[in-house]
Amino acid sequence: MKTMRDLMTPPAHIQGRVETIIVRGAPRDRARRIEQTTALAGIGLADDRLGQRGEAELSTRQVTLIQLEHLPLIAAFARSGPIDPVDLRRNLVISGINLLTLKNTKVRVGAALIEIVGPCAPCSRMEEVIGPGGYAAMRGHGGMTARILEGGAIRVGDVVSVS
């Protein structure tokens, strides 16, 4: 019989895919899509504000991830039209893998190794970009935060797998 610990350990065979990479130059800057970037160990993504600053970031928010599959749920809960992931300001949009199950797990994203740390709570700006109820719609669906353990290239289409 499997223990609760066994059940909570993600199977090594599960894989996802990087669907979109999103970066921004400063906290209030408009986010934008890019096709590839470099994860910088202990810092962030090279093309994002933390990577451009170039100094060690002790935060657990060196990179943020959200599940592609959650976008229609957020739109339904907010009673809005389709959600553009750029508006949600998460760095990596991932499909095919349940990010919540990867908490405290090391994950290979392209050539980079990250550790999923915890949930990424929505900010009040979601009311602006999604509309009234946007913050509430994202609760529980805001994605995950991670720290970068080993740097490397990340491209749209890269595999995401438990390491």
# chains A, B, ... in the order shown; residues from 1 in each chain; ligands from 1
>>> residues_around(residues="A:Leu50", least_positions_apart="4", cutoff="12 Å", atoms="only C-alpha atoms", output="list in words")
Val23, Arg24, Gly25, Ala26, Pro27, Thr38, Ala39, Leu40, Ala41, Gly42, Ile43, Gly44, Leu45, Ala46, Gly54, Glu55, Ala56, Glu57, Leu58, Ser59, Arg61, Gln62, Val63, Thr64, Asn91, Arg147 and Ile148 of chain A
>>> residues_around(residues="A:Lys103", least_positions_apart="4", cutoff="9 Å", atoms="only C-alpha atoms", output="PyMOL selection string")
chain A and resi 99+115-119+144+146
>>> write_last_selection(atoms="all heavy atoms", output="PDB file, in the first residue's frame")
ATOM      1  N   LEU A  99       1.362  21.877 -12.037  1.00  0.00           N
ATOM      2  CA  LEU A  99       2.435  22.580 -11.340  1.00  0.00           C
ATOM      3  C   LEU A  99       2.320  22.479  -9.821  1.00  0.00           C
ATOM      4  O   LEU A  99       3.329  22.404  -9.127  1.00  0.00           O
ATOM      5  CB  LEU A  99       2.480  24.049 -11.762  1.00  0.00           C
ATOM      6  CG  LEU A  99       2.865  24.314 -13.215  1.00  0.00           C
ATOM      7  CD1 LEU A  99       2.731  25.793 -13.534  1.00  0.00           C
ATOM      8  CD2 LEU A  99       4.277  23.825 -13.501  1.00  0.00           C
ATOM      9  N   GLU A 115      13.700  24.925  -8.898  1.00  0.00           N
ATOM     10  CA  GLU A 115      12.990  24.281  -7.799  1.00  0.00           C
ATOM     11  C   GLU A 115      11.688  25.030  -7.579  1.00  0.00           C
ATOM     12  O   GLU A 115      11.705  26.243  -7.321  1.00  0.00           O
ATOM     13  CB  GLU A 115      13.818  24.300  -6.521  1.00  0.00           C
ATOM     14  CG  GLU A 115      13.111  23.633  -5.362  1.00  0.00           C
ATOM     15  CD  GLU A 115      13.933  23.649  -4.078  1.00  0.00           C
ATOM     16  OE1 GLU A 115      14.866  24.472  -3.960  1.00  0.00           O
ATOM     17  OE2 GLU A 115      13.625  22.840  -3.199  1.00  0.00           O
ATOM     18  N   ILE A 116      10.575  24.329  -7.707  1.00  0.00           N
ATOM     19  CA  ILE A 116       9.266  24.929  -7.484  1.00  0.00           C
ATOM     20  C   ILE A 116       9.126  25.150  -5.978  1.00  0.00           C
ATOM     21  O   ILE A 116       9.286  24.221  -5.199  1.00  0.00           O
ATOM     22  CB  ILE A 116       8.129  24.023  -8.004  1.00  0.00           C
ATOM     23  CG1 ILE A 116       8.333  23.647  -9.478  1.00  0.00           C
ATOM     24  CG2 ILE A 116       6.774  24.671  -7.764  1.00  0.00           C
ATOM     25  CD1 ILE A 116       8.187  24.747 -10.468  1.00  0.00           C
ATOM     26  N   VAL A 117       8.837  26.382  -5.591  1.00  0.00           N
ATOM     27  CA  VAL A 117       8.856  26.737  -4.175  1.00  0.00           C
ATOM     28  C   VAL A 117       7.464  26.838  -3.574  1.00  0.00           C
ATOM     29  O   VAL A 117       7.209  26.321  -2.497  1.00  0.00           O
ATOM     30  CB  VAL A 117       9.631  28.050  -3.967  1.00  0.00           C
ATOM     31  CG1 VAL A 117       9.632  28.458  -2.512  1.00  0.00           C
ATOM     32  CG2 VAL A 117      11.057  27.903  -4.477  1.00  0.00           C
ATOM     33  N   GLY A 118       6.557  27.499  -4.231  1.00  0.00           N
ATOM     34  CA  GLY A 118       5.220  27.653  -3.660  1.00  0.00           C
ATOM     35  C   GLY A 118       4.304  28.416  -4.588  1.00  0.00           C
ATOM     36  O   GLY A 118       4.692  28.814  -5.686  1.00  0.00           O
ATOM     37  N   PRO A 119       3.079  28.637  -4.134  1.00  0.00           N
ATOM     38  CA  PRO A 119       2.093  29.314  -4.962  1.00  0.00           C
ATOM     39  C   PRO A 119       2.464  30.767  -5.241  1.00  0.00           C
ATOM     40  O   PRO A 119       3.114  31.420  -4.431  1.00  0.00           O
ATOM     41  CB  PRO A 119       0.803  29.246  -4.148  1.00  0.00           C
ATOM     42  CG  PRO A 119       1.106  28.516  -2.918  1.00  0.00           C
ATOM     43  CD  PRO A 119       2.553  28.227  -2.852  1.00  0.00           C
ATOM     44  N   MET A 144       2.867  29.177  -9.827  1.00  0.00           N
ATOM     45  CA  MET A 144       3.869  28.822  -8.822  1.00  0.00           C
ATOM     46  C   MET A 144       5.101  29.708  -8.970  1.00  0.00           C
ATOM     47  O   MET A 144       5.369  30.233 -10.051  1.00  0.00           O
ATOM     48  CB  MET A 144       4.283  27.351  -8.978  1.00  0.00           C
ATOM     49  CG  MET A 144       3.141  26.348  -8.819  1.00  0.00           C
ATOM     50  SD  MET A 144       2.375  26.345  -7.195  1.00  0.00           S
ATOM     51  CE  MET A 144       3.547  25.353  -6.273  1.00  0.00           C
ATOM     52  N   ALA A 146       9.397  29.920  -8.337  1.00  0.00           N
ATOM     53  CA  ALA A 146      10.527  28.994  -8.341  1.00  0.00           C
ATOM     54  C   ALA A 146      11.827  29.764  -8.237  1.00  0.00           C
ATOM     55  O   ALA A 146      11.895  30.948  -8.557  1.00  0.00           O
ATOM     56  CB  ALA A 146      10.522  28.154  -9.618  1.00  0.00           C
TER      57      ALA A 146
END
>>> select_by_dssp(residues="chain A", states="alpha helix (DSSP H)", output="PyMOL selection string")
chain A and resi 4-8+49-53+71-78+85-88+126-129+134-138
>>> closest_residue(among="A:Val129, A:Leu68, A:Ala31, A:Ile14", to="A:Val159", atoms="only C-alpha atoms")
A:Ile14
